[in-house]
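One structure is given here, and the rest of the page talks about it.
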Amino acid sequence: MEIKGKRVMVVGLGVSGLAAARFLHAEGAHLILTDARIDLDRAILPPGDVILGSEDCAALRGVDLVVTSPGVPRGSALLREAVRGATPVISEIELASRCLGAPIVAVTGTNGKSTATVMIGQMLEAASMRVFTGGNLGRPLIEAVGGGYDVAVAEVSSFQLEWIESFRPHVAIHLNLSDDHFDRYRNLEEYGAAKARLFENQRSDDWAVLNRDDPNVWKLAPAMRARVFSFAINRPATSPAIWSEHGALAFETGDARGRISLDGFTLAGRHNLANAMAASAAALAMGATPDAIQRALRQFRALAHRTELVRDRNGVKFIDDSKGTNVGAVVEALAAFDSPVILIAGGVDKGGDYSPLIKPLRDKVRLAIFIGAARHKMSDALSGATEIELVATLTEAVARAAEAARSGEAVLLSPACSSFDQFRNYAERGKLFQELVRAL
């Protein structure tokens with residue numbers, strides 16, 4: 001991709017936008033840098049024209065390319081004007097894919113993306129590959145360019161996929177699809193269509209790893225141009241596929257069949273079993289051996305703020321699942337518990353339906369403590385499923401949960417909401433939860 005001398009506008013200067021801007025500057029582009037925030041530290045920006053706090057569409061004059069950050073909505077005046085004026089608009093992952101020599105393994109889905117992405121990275125490293133692991137989980141894909149990697153493994157969000165053109169993963173994984181981001185999408189169909197763009201540029205020699213247990217994902221299989229590698233709890237009628245069988249993962253690829261032991265795999269819950277199957281399928285598609293995959297699974301540990309055990313206090317386990325920012329994630333988190341749960345949930349409502357929580361709350365939750373801006377809406381939607389209490393803050397919720405919890409129970413922070421009413425992100429929310437629990 002020819003960048004030197006081009007006028008490139010970067011819209012949104014968060015983690016991925018800033019990484020894209022630095023790359024573009026190093027490649028010789030003239031930058032126009034824009035962000036809605038007025039208090040952004042200009043010292044962290046590469047040289048260029050800087051526009052903060054407003055969308056100045058006049059700045060698009062003479063611009064050859066717009067690179068947009070995932071947090072910028074499609075309704076942005078700058079993006080709409082760029083499209084109207086036929087100025088190309090792409091995402092950071094599209095930019096990266098045009099400049100990256102290594103094959104890409106890309107993971108999407110409503111839940112489990114980060115866990116599966118890191119898991120795949122570790123499996124391929126165990127297979128002696130030089131691996132870049134990043135994307136939406138923290139380290140932007142553009143940082144893989146020029147790194148001499150054998151493969152780049154990236155978590156990819158629907159927001160990032162909105163502005164792709166030729167982005168083509170050699171292995172594309174879709175974990176699951178459930179209600180989320182309805183503050184950005186009108187319905188599940190529109191959200192799912194954004195996710196499905198992951199596969200649109202694949203060819204017959206690529207791989208599409210699909211969840212056969214999720215009808216919203218599996219219905220995509222007939223339209224795939226890539227070879228489909230399915231994963232599910234039970235053995236399928238056709239291969240390539242991977243499934244759970246007697247404490248192991250059994251697989252058939254067409255050319256080979258085998259088993260991957262789950263001895264030493266410490267992550268609980270059916271969602272983590274699904275993550276392990278999807279990651280193993282992707283690693284097999286990339287040529288990793290079952291032995292390498294098995295070693296990686298044995299050594300893998302839960303990521304921060306994802307059903308992470310914080311402390312066992314007087315027989316009560318305190319679990320941080322602050323990354324559980326949608327209803328589907330909370331359903332899966334609760335499914336992993338055999339003991340009664342005190343659930344702490346709430347934050348900013350994302351426009352989804354809370355009714356899938358009714359049965360898990362009735363079956364698993366002795367007390368639900370709802371916090372933040374969404375607490376009254378959640379209480380109304382889930383009234384009668386279990387005992388419910390409302391408090392304003394996470395600090396109050398942890399104190400109340402500790403007071404109410406009995407030995408043998410678990411206190412689970414799994415919010416089903418975003419954190420932006422009281423926190424910068426889910427990690428800050430999880431960090432405070434852990435601090436409060438350790439201080440008990």
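Identifiers in this document derive from the order of the structure tokens: chains are assigned A, B, ..., residues are numbered from 1 separately in each chain, and ligands are numbered from 1 in order of occurrence.
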
(message) Need to verify the contact set: range 366-379 of chain A, 7 Å, only C-alpha atoms, exclusion of same-chain residues closer than 5 positions in sequence. Can you return it as a PyMOL selection string?
(response) chain A and resi 340-349+354+386-394+397+421

Contact table range 151-192 of chain A vs range 64-67 of chain A, cut-off 12 Å, shortest pair per residue, only C-alpha atoms, as a Markdown table:
```
| residue | atom | partner | partner_atom | distance |
| --- | --- | --- | --- | --- |
| A:Gln160 | CA | A:Val67 | CA | 10.9 |
| A:Glu162 | CA | A:Val67 | CA | 11.9 |
| A:Trp163 | CA | A:Val67 | CA | 8.9 |
| A:Ile164 | CA | A:Val67 | CA | 10.4 |
```

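Here the question is which of A:Ala278, A:Pro240, A:Gln294, A:Glu245 gets nearest to Ile260 in chain A using only C-alpha atoms, and that residue is A:Gln294.
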
Determine, for each residue of range 135-240 of chain A having at least one atom at most 8 Å from an atom of range 270-276 of chain A, the closest pair of atoms and their separation in Å to one decimal, counting only C-alpha atoms; order by chain and ascending number, as a Markdown table.
```
| residue | atom | partner | partner_atom | distance |
| --- | --- | --- | --- | --- |
| A:Leu175 | CA | A:Asn275 | CA | 7.4 |
| A:Phe231 | CA | A:Ala274 | CA | 7.5 |
| A:Ala232 | CA | A:Ala274 | CA | 7.0 |
| A:Ile233 | CA | A:Ala274 | CA | 7.6 |
```

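Closest approach to Glu143 in chain A among A:Asp35, A:Glu55, A:Glu92, A:Glu190 is made by A:Glu92 (distances from only C-alpha atoms).
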
(message) Applying 7 Å and only C-alpha atoms, which residues near range 430-436 of chain A remain after dropping the ones on its own chain fewer than 6 positions away? List them as a ChimeraX atom specification.
(response) /A:305,310,320,322,395,398

(request) Return as a PyMOL selection string the full set of residues in range 246-361 of chain A whose backbone-based DSSP assignment is strand (DSSP E or B). (result) chain A and resi 248-252+257-261+308-313+316-320+341-346+348

(message) So the first atom is CA of Leu137 in chain A and the second is CA of Leu95 in chain A; what is the distance between them in Å, to one decimal place?
(response) 17.6 Å

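If you look at CA of Ile173 in chain A and CA of Ser204 in chain A, they are 15.4 Å away from each other.
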
Within 9 Å of range 104-114 of chain A, counting only C-alpha atoms, which residues show up once you throw out same-chain ones fewer than 5 positions away? Write them as a PDB file with C-alpha atoms, in the first residue's frame, please.
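The resulting file, out.pdb, is reproduced below:
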```pdb
ATOM      1  CA  SER A  97      -3.858  -6.213   6.589  1.00  0.00           C
ATOM      2  CA  MET A 119      -5.197 -19.247  23.624  1.00  0.00           C
ATOM      3  CA  ILE A 120      -4.527 -19.519  19.881  1.00  0.00           C
ATOM      4  CA  GLY A 134      -3.310  -8.560  19.750  1.00  0.00           C
ATOM      5  CA  GLY A 135      -6.067  -6.699  17.968  1.00  0.00           C
ATOM      6  CA  ASN A 136      -9.093  -5.482  19.891  1.00  0.00           C
ATOM      7  CA  LEU A 137      -7.840  -6.989  23.167  1.00  0.00           C
ATOM      8  CA  VAL A 151       1.400 -15.356  11.945  1.00  0.00           C
ATOM      9  CA  ALA A 152      -0.698 -12.553  13.444  1.00  0.00           C
ATOM     10  CA  VAL A 153      -3.557 -13.570  15.775  1.00  0.00           C
ATOM     11  CA  ALA A 154      -6.088 -10.803  16.322  1.00  0.00           C
ATOM     12  CA  GLU A 155      -9.284 -10.292  18.262  1.00  0.00           C
ATOM     13  CA  VAL A 156     -11.652  -8.456  15.930  1.00  0.00           C
ATOM     14  CA  SER A 157     -14.792  -6.565  16.943  1.00  0.00           C
ATOM     15  CA  SER A 158     -17.858  -5.768  14.884  1.00  0.00           C
ATOM     16  CA  ARG A 168      -8.806 -11.445   4.658  1.00  0.00           C
ATOM     17  CA  PRO A 169      -7.919 -13.775   7.524  1.00  0.00           C
ATOM     18  CA  HIS A 170      -6.440 -17.117   6.545  1.00  0.00           C
ATOM     19  CA  VAL A 171      -8.309 -18.531   9.560  1.00  0.00           C
ATOM     20  CA  ALA A 172     -11.461 -16.737  10.729  1.00  0.00           C
ATOM     21  CA  ILE A 173     -13.223 -17.825  13.931  1.00  0.00           C
ATOM     22  CA  HIS A 174     -16.773 -16.912  14.964  1.00  0.00           C
ATOM     23  CA  LEU A 175     -17.412 -18.008  18.549  1.00  0.00           C
ATOM     24  CA  ASN A 176     -21.024 -17.003  19.243  1.00  0.00           C
ATOM     25  CA  LEU A 177     -23.621 -14.318  18.682  1.00  0.00           C
ATOM     26  CA  SER A 178     -26.066 -12.871  21.210  1.00  0.00           C
ATOM     27  CA  ASP A 179     -27.590  -9.502  22.074  1.00  0.00           C
ATOM     28  CA  ASP A 180     -24.987  -6.782  22.523  1.00  0.00           C
ATOM     29  CA  LYS A 195     -19.644  -9.778  12.544  1.00  0.00           C
ATOM     30  CA  ALA A 196     -20.145 -11.900   9.409  1.00  0.00           C
ATOM     31  CA  LEU A 198     -15.060 -11.354   8.840  1.00  0.00           C
ATOM     32  CA  VAL A 217     -23.327 -18.622  13.826  1.00  0.00           C
ATOM     33  CA  HIS A 271     -17.995 -21.394  27.397  1.00  0.00           C
ATOM     34  CA  ASN A 272     -14.322 -22.077  28.113  1.00  0.00           C
ATOM     35  CA  ALA A 274     -16.030 -23.919  23.521  1.00  0.00           C
ATOM     36  CA  ASN A 275     -13.112 -21.482  23.538  1.00  0.00           C
ATOM     37  CA  ALA A 282      -7.710 -22.717  14.476  1.00  0.00           C
ATOM     38  CA  MET A 286      -2.466 -23.403  10.993  1.00  0.00           C
ATOM     39  CA  LEU A 303      -7.316 -13.681  31.637  1.00  0.00           C
ATOM     40  CA  GLY A 324     -19.039  -9.864  31.301  1.00  0.00           C
ATOM     41  CA  THR A 325     -20.550  -6.788  29.664  1.00  0.00           C
ATOM     42  CA  ASN A 326     -23.585  -8.419  28.050  1.00  0.00           C
ATOM     43  CA  GLY A 328     -24.897 -13.780  27.175  1.00  0.00           C
ATOM     44  CA  ALA A 329     -21.631 -13.509  29.082  1.00  0.00           C
TER      45      ALA A 329
END
```

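With CA of Gly148 in chain A on one side and CA of Pro103 in chain A on the other, the separation reads 11.5 Å.
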
(request) List the neighbours of Pro70 in chain A out to 8 Å using only C-alpha atoms; skip same-chain residues closer than 5 positions along the sequence, and give me the result as a list of chain:residue names. (result) A:Ser16, A:Ser91, A:Phe159, A:Gln160

(request) Using only C-alpha atoms, pick whichever of A:Val209, A:Ala410, A:Val330, A:Ala304 has the shortest atom-to-atom distance to Arg429 in chain A. (result) A:Ala304

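Distances here use only C-alpha atoms; by that measure, the residue among A:Ala302, A:Leu31, A:Leu18, A:Ile142 closest to Val118 in chain A is A:Ala302.
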
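Taking only C-alpha atoms into account, Met1 in chain A lies nearest to A:Leu100 out of the set A:Leu334, A:Val83, A:Leu100, A:Leu13.
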
(request) From the DSSP assignment of the backbone, select every residue of range 120-207 of chain A that is helix (DSSP H, G or I), and format the answer as a list in words. (result) Ile120, Gly121, Gln122, Met123, Leu124, Glu125, Ala126, Leu141, Ile142, Glu143, Ala144, Ser158, Phe159, Gln160, Leu161, Leu188, Glu189, Glu190, Tyr191, Gly192, Ala193, Ala194, Lys195, Ala196, Arg197, Leu198 and Phe199 of chain A

(request) Find the residues around Ala226 in chain A up to 8 Å (only C-alpha atoms counted), leave out those fewer than 2 positions away in its own chain, and share them as a ChimeraX atom specification. (result) /A:199,202-208,224,228
